[in-house]
Each structure stands twice: as structure tokens, then as C-alpha cells.
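Listing of my_file-v1.cif; format and content: mmCIF, C-alpha atoms.
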data_data
loop_
_atom_site.label_atom_id
_atom_site.label_comp_id
_atom_site.auth_asym_id
_atom_site.auth_seq_id
_atom_site.Cartn_x
_atom_site.Cartn_y
_atom_site.Cartn_z
CA MET R 28 0.00 0.00 0.00
CA PRO R 29 1.43 3.43 -0.89
CA GLU R 30 2.87 5.43 1.95
CA SER R 31 0.58 8.37 1.29
CA GLU R 32 -2.46 6.11 1.56
CA VAL R 33 -1.24 4.66 4.84
CA SER R 34 -0.78 8.17 6.20
CA GLY R 35 -4.29 9.01 5.08
CA LEU R 36 -5.67 5.99 6.91
CA ASP R 37 -3.80 7.04 10.02
CA ARG R 38 -5.37 10.47 9.89
CA PHE R 39 -8.74 8.83 9.29
CA ALA R 40 -8.31 6.55 12.32
CA VAL R 41 -7.05 9.32 14.61
CA GLY R 42 -9.81 11.69 13.57
CA PHE R 43 -12.52 9.13 14.13
CA ALA R 44 -11.08 8.18 17.51
CA ARG R 45 -11.14 11.85 18.54
CA LEU R 46 -14.77 12.07 17.50
CA LEU R 47 -15.62 9.03 19.62
CA ARG R 48 -13.85 10.51 22.61
CA ALA R 49 -15.79 13.73 22.17
CA ALA R 50 -18.95 11.63 22.10
CA GLY R 51 -18.08 10.11 25.45
CA LEU R 52 -16.38 6.81 24.59
CA ASP R 53 -13.21 5.68 26.31
CA VAL R 54 -10.81 5.10 23.39
CA PRO R 55 -7.22 4.42 24.50
CA LEU R 56 -4.28 4.88 22.17
CA GLY R 57 -3.89 1.12 21.72
CA SER R 58 -7.42 0.84 20.33
CA THR R 59 -6.74 3.66 17.87
CA ILE R 60 -3.61 1.89 16.62
CA ALA R 61 -5.56 -1.37 16.26
CA PHE R 62 -8.25 0.48 14.32
CA GLY R 63 -5.63 1.91 11.94
CA GLU R 64 -4.14 -1.55 11.38
CA ALA R 65 -7.62 -2.94 10.70
CA LEU R 66 -8.26 -0.24 8.11
CA ILE R 67 -5.01 -1.14 6.37
CA ALA R 68 -6.20 -4.75 6.22
CA VAL R 69 -9.80 -4.19 5.04
CA GLY R 70 -9.49 -0.85 3.25
CA VAL R 71 -11.90 2.05 3.29
CA ASP R 72 -13.88 1.30 0.16
CA ARG R 73 -16.80 -0.42 1.83
CA ARG R 74 -18.86 1.06 4.60
CA ASP R 75 -19.52 -2.27 6.29
CA SER R 76 -15.82 -3.10 6.47
CA VAL R 77 -14.94 0.23 8.04
CA TYR R 78 -17.91 -0.01 10.42
CA TRP R 79 -16.91 -3.42 11.76
CA ALA R 80 -13.24 -2.53 11.86
CA GLY R 81 -14.11 0.30 14.24
CA ARG R 82 -16.80 -1.61 16.09
CA THR R 83 -14.41 -4.45 17.00
CA THR R 84 -11.45 -2.27 17.93
CA LEU R 85 -12.90 0.92 19.41
CA VAL R 86 -16.01 -0.17 21.30
CA ARG R 87 -15.15 -1.69 24.66
CA ARG R 88 -18.58 -1.77 26.32
CA PRO R 89 -21.94 -2.91 24.87
CA GLU R 90 -23.68 0.23 26.16
CA ASP R 91 -21.41 2.34 23.92
CA THR R 92 -22.70 0.74 20.73
CA ASP R 93 -25.48 3.29 20.10
CA THR R 94 -23.09 6.20 20.55
CA TYR R 95 -20.64 4.51 18.20
CA ASP R 96 -23.36 4.02 15.56
CA ARG R 97 -24.36 7.67 15.68
CA ALA R 98 -20.75 8.82 15.54
CA PHE R 99 -19.96 6.49 12.63
CA ARG R 100 -23.00 7.60 10.70
CA ALA R 101 -22.06 11.24 11.18
CA TRP R 102 -18.44 10.58 10.23
CA TRP R 103 -19.22 8.44 7.19
CA GLU R 104 -21.87 10.78 5.90
CA HIS R 105 -19.74 13.84 6.75
CA GLU R 106 -22.21 14.93 9.39
CA HIS R 107 -19.67 15.91 11.97
CA GLU R 108 -22.23 17.73 14.11
CA LEU R 109 -23.09 15.31 16.89
CA ASP R 110 -25.22 15.50 19.96
CA LEU R 111 -22.20 15.07 22.19
CA VAL R 112 -22.72 13.58 25.59
CA PRO R 113 -22.32 16.35 28.17
CA PRO R 114 -19.52 15.87 30.63
CA PRO R 115 -20.59 14.40 33.95
CA PRO R 116 -21.30 16.97 36.67
CA ALA R 117 -18.59 17.64 39.20
CA ARG R 118 -19.01 15.57 42.30
CA GLU R 119 -17.98 16.43 45.80
CA VAL R 120 -15.19 14.25 47.11
CA SER R 121 -14.73 13.66 50.81
CA ILE R 122 -12.08 11.64 52.62
CA ALA R 123 -13.02 9.62 55.68
CA PHE R 124 -11.34 7.17 58.04
CA ASP R 125 -12.61 3.63 58.07
CA ASP R 126 -13.45 3.74 61.73
CA ALA R 127 -13.76 7.45 62.23
CA ASP R 128 -16.84 8.86 63.97
CA ASP R 129 -17.42 11.59 61.42
CA GLY R 130 -19.97 14.01 62.79
CA ASP R 131 -20.26 15.80 59.43
CA ALA R 132 -21.45 12.71 57.62
CA PRO R 133 -25.03 13.03 56.25
CA GLU R 134 -27.72 11.22 58.13
CA PRO R 135 -29.67 8.44 56.37
CA GLY R 136 -32.59 9.94 54.45
CA ASP R 137 -31.08 13.43 54.43
CA THR R 138 -31.96 14.89 51.00
CA THR R 139 -30.59 18.37 51.65
CA THR R 140 -26.99 17.32 51.29
CA ALA R 141 -25.60 16.92 47.77
CA PRO R 142 -24.48 13.41 46.81
CA ALA R 143 -20.83 12.94 47.60
CA LEU R 144 -18.26 10.41 46.46
CA ALA R 145 -16.45 9.15 49.54
CA VAL R 146 -12.82 8.13 49.08
CA ARG R 147 -11.74 6.05 52.04
CA TYR R 148 -8.35 4.81 53.09
CA SER R 149 -7.37 2.28 55.67
CA ALA R 150 -6.10 3.56 58.99
CA ALA R 151 -4.35 0.21 59.38
CA GLU R 152 -2.27 0.91 56.28
CA VAL R 153 -1.17 4.25 57.74
CA LEU R 154 -0.23 2.61 61.02
CA ARG R 155 1.84 -0.03 59.24
CA HIS R 156 4.40 2.57 58.18
CA ARG R 157 4.28 4.93 61.17
CA ASP R 158 7.25 4.93 63.51
CA PHE R 159 6.48 3.27 66.85
CA ALA R 160 7.99 6.26 68.65
CA LEU R 161 5.31 8.53 67.12
CA TYR R 162 2.32 6.42 68.13
CA THR R 163 -0.43 7.87 70.26
CA SER R 164 -2.04 5.70 72.90
CA ASP R 165 -4.98 4.88 70.61
CA GLU R 166 -2.69 4.06 67.70
CA PHE R 167 -0.56 1.82 69.86
CA ALA R 168 -3.65 -0.05 71.03
CA GLU R 169 -4.64 -0.60 67.39
CA ALA R 170 -1.07 -1.65 66.51
CA ARG R 171 -1.09 -4.22 69.29
CA ARG R 172 -4.21 -5.75 67.79
CA LEU R 173 -2.63 -5.85 64.32
CA MET R 174 0.58 -7.29 65.71
CA ALA R 175 -1.30 -10.32 66.98
CA ASP R 176 -1.62 -11.45 63.35
CA LEU R 177 2.15 -11.55 62.83
CA ARG R 178 3.59 -15.03 62.59
CA LEU R 179 7.19 -16.19 62.57
CA ALA R 180 7.38 -19.21 60.30
CA GLY R 181 11.07 -19.88 60.79
CA ALA R 182 13.43 -21.58 58.39
CA LEU R 183 13.25 -25.36 58.05
CA ARG R 184 15.95 -27.87 58.82
CA ARG R 185 16.28 -31.55 58.00
CA SER R 186 15.35 -33.97 60.73
CA ARG R 187 16.73 -37.45 61.38
CA ARG R 188 13.19 -38.75 61.27
CA GLN R 189 12.16 -40.32 57.97
CA GLN R 190 8.80 -39.70 56.34
CA ARG R 191 7.01 -41.14 53.33
CA SER R 192 8.06 -39.60 50.06
CA ARG R 193 5.45 -38.80 47.45
CA ARG R 194 8.16 -38.68 44.84
CA HIS R 195 9.98 -41.69 43.48
CA ARG R 196 13.31 -40.78 44.95
CA GLY R 197 15.10 -40.99 48.26
CA LYS R 198 15.76 -44.05 50.39
CA PRO R 199 13.78 -47.20 49.46
CA ASP R 200 11.03 -48.13 51.93
CA LEU R 201 11.36 -51.92 51.90
CA ARG R 202 8.46 -52.59 54.28
CA ARG R 203 5.92 -50.66 52.26
CA THR R 204 7.34 -51.95 48.97
CA VAL R 205 6.91 -55.58 50.12
CA ARG R 206 3.40 -54.86 51.39
CA ARG R 207 2.44 -53.42 48.01
CA ALA R 208 4.06 -56.38 46.22
CA LEU R 209 1.64 -58.76 47.97
CA ARG R 210 -1.21 -57.13 46.05
CA THR R 211 0.48 -57.79 42.71
CA GLY R 212 1.40 -61.44 43.21
CA GLY R 213 4.82 -60.74 44.70
CA GLU R 214 6.04 -58.46 41.94
CA PRO R 215 7.47 -55.15 43.31
CA ILE R 216 5.76 -53.01 40.69
CA HIS R 217 4.94 -50.10 42.99
CA ARG R 218 8.03 -49.11 44.94
CA ALA R 219 7.93 -46.86 47.99
CA PHE R 220 10.52 -44.40 49.28
CA VAL R 221 11.23 -42.37 52.39
CA GLU R 222 13.03 -39.06 52.78
CA PRO R 223 14.22 -36.94 55.71
CA ALA R 224 11.47 -34.93 57.38
CA SER R 225 11.72 -31.19 57.87
CA ARG R 226 11.17 -29.28 61.09
CA PRO R 227 11.25 -25.56 61.84
CA ARG R 228 14.40 -24.13 63.33
CA ARG R 229 14.31 -22.68 66.81
CA ILE R 230 14.00 -18.88 66.97
CA VAL R 231 15.74 -16.99 69.78
CA LEU R 232 14.71 -13.35 70.36
CA LEU R 233 17.01 -11.10 72.40
CA CYS R 234 15.32 -7.74 73.03
CA ASP R 235 17.14 -4.70 74.38
CA VAL R 236 14.91 -3.02 77.02
CA SER R 237 17.36 -0.34 78.10
CA GLY R 238 16.50 3.37 78.39
CA SER R 239 17.58 4.22 74.84
CA MET R 240 15.14 1.64 73.47
CA GLU R 241 12.19 2.85 75.56
CA PRO R 242 10.23 4.40 72.60
CA TYR R 243 10.31 1.01 70.85
CA ALA R 244 10.52 -1.50 73.70
CA ARG R 245 6.77 -1.73 74.38
CA ALA R 246 6.02 -2.48 70.71
CA LEU R 247 8.90 -4.94 70.36
CA VAL R 248 7.94 -6.81 73.52
CA ARG R 249 4.42 -7.10 72.08
CA PHE R 250 6.06 -8.55 68.98
CA LEU R 251 7.93 -11.04 71.17
CA HIS R 252 4.66 -12.08 72.77
CA ALA R 253 3.02 -12.65 69.37
CA ALA R 254 6.02 -14.76 68.32
CA VAL R 255 6.04 -16.89 71.48
CA VAL R 256 2.28 -17.48 71.46
CA GLY R 257 1.95 -18.03 67.72
CA ARG R 258 4.60 -20.69 67.29
CA GLY R 259 6.52 -23.32 69.24
CA ARG R 260 10.32 -23.42 69.58
CA VAL R 261 10.60 -19.69 70.25
CA GLU R 262 12.68 -18.38 73.15
CA ALA R 263 12.57 -14.76 74.36
CA PHE R 264 15.07 -12.85 76.48
CA ALA R 265 15.30 -9.26 77.71
CA MET R 266 18.69 -7.55 77.72
CA GLY R 267 19.69 -4.55 79.83
CA THR R 268 22.37 -4.57 82.44
CA ARG R 269 21.60 -8.26 82.80
CA LEU R 270 19.93 -11.04 80.84
CA THR R 271 16.42 -12.21 81.75
CA ARG R 272 14.61 -15.14 80.20
CA ILE R 273 10.94 -14.19 79.68
CA THR R 274 9.64 -17.05 77.53
CA ARG R 275 7.41 -18.43 80.28
CA GLU R 276 6.00 -15.00 81.15
CA LEU R 277 5.13 -14.29 77.48
CA SER R 278 3.47 -17.67 76.93
CA SER R 279 0.12 -16.42 78.27
CA ARG R 280 -2.54 -15.89 75.61
CA ASP R 281 -3.61 -12.65 77.29
CA PRO R 282 -1.18 -10.01 75.96
CA ASP R 283 -1.77 -7.59 78.83
CA ALA R 284 -1.15 -10.27 81.43
CA ALA R 285 1.89 -11.58 79.54
CA ILE R 286 3.57 -8.19 79.15
CA ALA R 287 2.80 -7.27 82.75
CA ALA R 288 4.39 -10.51 83.91
CA ALA R 289 7.45 -9.89 81.73
CA ALA R 290 7.78 -6.31 83.03
CA HIS R 291 7.58 -7.63 86.58
CA ARG R 292 10.23 -10.22 85.80
CA VAL R 293 12.70 -7.75 84.21
CA VAL R 294 14.10 -5.68 87.07
CA ASP R 295 16.42 -3.52 84.91
CA TRP R 296 13.76 -2.26 82.47
CA SER R 297 14.66 1.19 81.02
CA GLY R 298 18.04 1.09 82.71
CA GLY R 299 21.54 0.84 81.29
CA THR R 300 22.91 -1.48 78.61
CA ARG R 301 25.63 -4.08 78.76
CA LEU R 302 25.09 -6.03 75.57
CA GLY R 303 28.43 -7.83 75.70
CA GLU R 304 27.93 -9.17 79.22
CA SER R 305 24.31 -10.13 78.47
CA LEU R 306 25.35 -12.03 75.35
CA ARG R 307 28.13 -13.76 77.26
CA GLU R 308 25.63 -14.93 79.84
CA PHE R 309 23.34 -16.16 77.08
CA ASN R 310 26.15 -18.01 75.31
CA ASP R 311 27.44 -19.60 78.52
CA ARG R 312 24.10 -20.65 80.01
CA TRP R 313 21.92 -21.38 76.97
CA GLY R 314 23.28 -20.46 73.55
CA VAL R 315 26.49 -22.43 73.01
CA ARG R 316 25.17 -25.29 75.13
CA GLY R 317 22.38 -25.97 72.66
CA MET R 318 19.67 -23.32 72.42
CA ALA R 319 21.38 -21.26 69.71
CA ARG R 320 22.85 -24.20 67.77
CA GLY R 321 21.23 -24.24 64.35
CA ALA R 322 18.76 -21.56 65.45
CA VAL R 323 17.81 -18.20 64.01
CA VAL R 324 18.95 -15.64 66.60
CA VAL R 325 17.33 -12.20 66.41
CA VAL R 326 18.84 -9.31 68.38
CA LEU R 327 16.53 -6.28 68.72
CA SER R 328 18.67 -3.34 69.83
CA ASP R 329 19.83 0.13 68.79
CA GLY R 330 23.42 -0.85 69.57
CA TRP R 331 23.98 1.75 72.27
CA ASP R 332 26.17 -0.05 74.81
CA ARG R 333 27.96 1.07 77.96
CA GLY R 334 30.06 -2.06 78.10
CA ASP R 335 33.33 -3.02 76.46
CA PRO R 336 32.87 -3.28 72.65
CA ASP R 337 35.59 -5.95 72.48
CA VAL R 338 33.50 -8.16 74.75
CA LEU R 339 30.46 -7.63 72.54
CA ALA R 340 32.45 -8.49 69.40
CA GLU R 341 33.83 -11.64 71.03
CA GLN R 342 30.38 -12.84 72.11
CA MET R 343 28.86 -12.05 68.74
CA ALA R 344 31.56 -14.15 67.10
CA ARG R 345 30.75 -17.06 69.45
CA LEU R 346 27.07 -16.68 68.69
CA GLN R 347 27.56 -16.60 64.92
CA ARG R 348 29.65 -19.79 64.99
CA VAL R 349 26.81 -21.87 66.46
CA ALA R 350 23.70 -20.14 65.08
CA TYR R 351 22.16 -20.80 61.69
CA ARG R 352 21.71 -17.05 61.13
CA VAL R 353 22.09 -13.93 63.24
CA VAL R 354 19.64 -11.11 62.49
CA TRP R 355 20.08 -7.66 64.06
CA VAL R 356 17.00 -5.43 64.23
CA ASN R 357 17.76 -1.73 64.80
CA PRO R 358 14.78 0.68 64.91
CA LEU R 359 17.11 3.61 64.21
CA LYS R 360 18.16 2.15 60.86
CA ALA R 361 15.05 3.63 59.22
CA SER R 362 16.40 7.16 59.71
CA PRO R 363 18.02 8.56 56.53
CA ASP R 364 20.85 9.96 58.67
CA PHE R 365 21.57 6.65 60.34
CA ALA R 366 25.11 5.29 60.38
CA PRO R 367 26.30 2.38 62.55
CA LEU R 368 28.66 4.58 64.53
CA ALA R 369 27.56 3.51 68.02
CA ARG R 370 30.32 1.48 69.64
CA GLY R 371 28.17 -1.56 70.23
CA MET R 372 26.63 -1.49 66.77
CA ALA R 373 29.99 -1.10 65.07
CA ALA R 374 31.45 -3.98 67.10
CA ALA R 375 28.54 -6.35 66.40
CA LEU R 376 27.87 -5.60 62.73
CA PRO R 377 30.70 -7.79 61.26
CA TYR R 378 29.06 -10.86 62.83
CA VAL R 379 25.51 -10.15 61.66
CA ASP R 380 24.00 -12.02 58.69
CA GLU R 381 21.01 -9.69 58.25
CA PHE R 382 20.72 -6.07 59.41
CA VAL R 383 17.10 -4.86 59.20
CA GLU R 384 14.82 -2.10 60.47
CA GLY R 385 12.33 -2.53 63.29
CA HIS R 386 10.58 0.79 63.74
CA SER R 387 7.12 -0.01 62.33
CA LEU R 388 4.63 -2.79 61.69
CA ALA R 389 5.74 -3.01 58.07
CA SER R 390 9.36 -3.48 59.13
CA LEU R 391 8.36 -6.24 61.55
CA GLU R 392 6.46 -7.97 58.73
CA GLN R 393 9.65 -7.78 56.69
CA LEU R 394 11.53 -9.20 59.67
CA ALA R 395 9.16 -12.17 59.72
CA LYS R 396 10.04 -12.85 56.07
CA VAL R 397 13.77 -12.59 56.81
CA VAL R 398 13.47 -15.06 59.69
CA SER R 399 11.64 -17.57 57.48
CA GLN R 400 14.44 -17.65 54.89
#
Serialized structure, C-alpha cells:
Amino acid sequence: MPESEVSGLDRFAVGFARLLRAAGLDVPLGSTIAFGEALIAVGVDRRDSVYWAGRTTLVRRPEDTDTYDRAFRAWWEHEHELDLVPPPPAREVSIAFDDADDGDAPEPGDTTTAPALAVRYSAAEVLRHRDFALYTSDEFAEARRLMADLRLAGALRRSRRQQRSRRHRGKPDLRRTVRRALRTGGEPIHRAFVEPASRPRRIVLLCDVSGSMEPYARALVRFLHAAVVGRGRVEAFAMGTRLTRITRELSSRDPDAAIAAAAHRVVDWSGGTRLGESLREFNDRWGVRGMARGAVVVVLSDGWDRGDPDVLAEQMARLQRVAYRVVWVNPLKASPDFAPLARGMAAALPYVDEFVEGHSLASLEQLAKVVSQ
């Protein structure tokens, strides 16, 4: 087809698409291009061909067919004057919270107020990204409810226990193979196999409850409670000037009772920080002796430490040698000006496998994904 004719068809297609848009149809650019390609294929000599080329490429809703017919008739017969569909009237737009008690909302049956299009957003979505330190009391109460849905799946590890394999690979299961052979006259047609079972790795949570972590400690301890209650093989400790095991206190299903019991148990809450000594106590009493071996160890701390950084580095190295992974959660990491310049943070960072944020619900959800890897 000559180039000039193709250009003419393009102008024809673009002009007709503009007319349809003016008539009220939604005609995206892709439909216009498809219409032009259809015209190249069928030509513009016959009215029916052009009509169906446009009908199949430009009309996207059945209710637009009448408007398309009128526009096509006007275009084909050079009657470009159309009864265009007037633009829809402007509508009032209001924004409302999902659970807000909006006193300005119209009462049911109120005909004096103009119809309004309400655009709503979820308060939960806003809370997910808000810093824990900026929460009001009401927001923190809502966050505690949302945090109850968090689950720590934990990475899997191979167990010595054998389980039936659905796939034809692994170690042969002679007992089941012989039993199946009895059904086929002694011929081992259907073989059976076993493979190592998988079990979730233990998760150990070490939460810094010193004074510098006070804006985040209440939310992180609630996270510890959700982890302990929602899954087995989770151990929880509080770190300050000493180490306190709080797994039993957080095992209560009632979050208020559990956190109150943990706060009563931890005598150095909002005090100083000796991360190195606390980690040494953990390694000596629980970690190296078995609890941290093959486990995912999560340290929740801002890294501010009054102790000797060499001690902290030494204990972190011991912990990394026995743990499957060491994850450090620092709520201050979300700040754009953050740099790991605190003595404790700088000493511990070389022995950390994952360094993540922990300042919001969204960051704790990301932490749950990191722990499950």
C-alpha cells in the first residue's frame, strides 16, 4: 500500500477516535492503533468493512454501541455535528477514616446534602508505616491488635526422622514396597521411598529493654509475645544490664497479662545497657550449650552499649559460629541519617548475617520474612 495512503488511513483513524472521545467513549491509544491496522487490512472502500473494523477495535462496552453508531454515521456521511454527551457533573469528594466517627457525615434519608463520592483509606495501612515512637495511645492499642496477626514461620531444617516420600526418589522403603508387592502377586511393581522430614528451626529473640530503646521497647515486647504465642520453639530474652529469660511470662494468651508478667520479671527495664555481658551470659548458660545451635537468633537493639565493645564483638563471634543465622533489628536504621557509629553497633555488625529495620509494623512484617528464609 502506498505510503501516502497509509498516512491518510492514520489520519482517518485518529480523527474518528477523537470524534468518539468527544462523544463520550473511552478510546485508548492502543485501540486507535488497532483500528488503523484494521483499516489497512480491510481498506476504506466499503462502509460495512470500516464499520466493523471500528466496532471491534474501538467499542469496549456494549452500552457504547449506540453512541458509536451515531458517531460512525455522522463521520461516514460527513455529518460531523453530533449530539455530544455532556460531561458528567462535578461531584464532591470527601475523605473519611474507616473507623472514624465523622460528625459531618449526612444522616440516612437526608436529602438536603448533595451526593458525595467518599474516598476512604485504611487507617491500618497508615499505622503499618508509622514509627512506633510517634504512636499515640490509641494508635498503639490498634497496633497491638494488628501485631497479633504476625507469625514467625522460621526456616526449616532436615530432621533425622524419615517420612514417606510422594516422589519416586530418596531411600527405598522396603516394608511398604513388600506390602504393596503382595497385592500384585509378589512383583514389586509399585516401589515406595522415604526421605528426611523437615522441622522448623528454633528462633531466639534477644530484646534490648534499656533506656535508649524505651520508645520502641513496648512495641517490640508485644512482637515477642506474638512470636512466642503463635509458634513453638521460640525463646525470648530481655537484655539490659543483665539477661532475663521471659519465655514463660510471654506464653500467656492474654497479651496484657503476659507483658505485665514480663515487666515484673525484668528488674532492669529502662536502665543501662551491657550487651556484651548479656550475650556472654546467654552463650554460657543457653546459647552455646544448645539453644542457639542451628537456630535463628534475632537481636533487637539500637546498639547503644555502655560495656566493652571488644567483649560484645567476642560474644557475637561465638554466637555466629553456632547459630544458623544472626539477624540484628535496629529501629534507628530507618532514619536517613543513620550510620552504625555507636560502639556496640559497630562492634557487632561484622558478625551479623542480616541487618534490618524494626521501627514499624511493616518493618516487623519484613523481619518475619527474613526469619523464614
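We find CA of Met318 (chain R) and CA of Ala375 (chain R) to be spaced 20.1 Å apart.
CA of Ser297 (chain R) sits 27.7 Å away from CA of Arg258 (chain R).
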TODO: Fewer than 4 positions away in the same chain doesn't count, so skip those; otherwise give me all residues within 12 Å of region 157-170 of chain R, counting only C-alpha atoms, as a PyMOL selection string.
DONE: chain R and resi 126+150-153+174-177+239-247+249-250+282-283+358-362+384-391
Open item on the list: Quick check on the file I pasted: which residues fall under the PyMOL selection byres ((chain R and resi 181) around 6)? Write them as a ChimeraX atom specification.
Closed with: /R:179-180,182,227-228,398-399
- [ ] Measure the distance from CA of Arg178 (chain R) to CA of Leu232 (chain R) in Å and round it to one decimal.
- [x] 13.7 Å
Once you count all atoms listed in the file, what closest atom pair and distance in Å to one decimal does each residue of region 181-280 of chain R within 8 Å of region 302-309 of chain R have, with rows by chain and rising residue number, as JSON lines?
{"residue": "R:Met266", "atom": "CA", "partner": "R:Ser305", "partner_atom": "CA", "distance": 6.2}
{"residue": "R:Gly267", "atom": "CA", "partner": "R:Leu302", "partner_atom": "CA", "distance": 7.0}
{"residue": "R:Thr268", "atom": "CA", "partner": "R:Ser305", "partner_atom": "CA", "distance": 7.1}
{"residue": "R:Arg269", "atom": "CA", "partner": "R:Ser305", "partner_atom": "CA", "distance": 5.4}
{"residue": "R:Leu270", "atom": "CA", "partner": "R:Ser305", "partner_atom": "CA", "distance": 5.1}
TODO: Specify as a VMD selection string each residue included when the PyMOL selection byres ((chain R and resi 187) around 10) is applied to this file.
DONE: chain R and resid 184 to 186 188 to 190 222 to 226
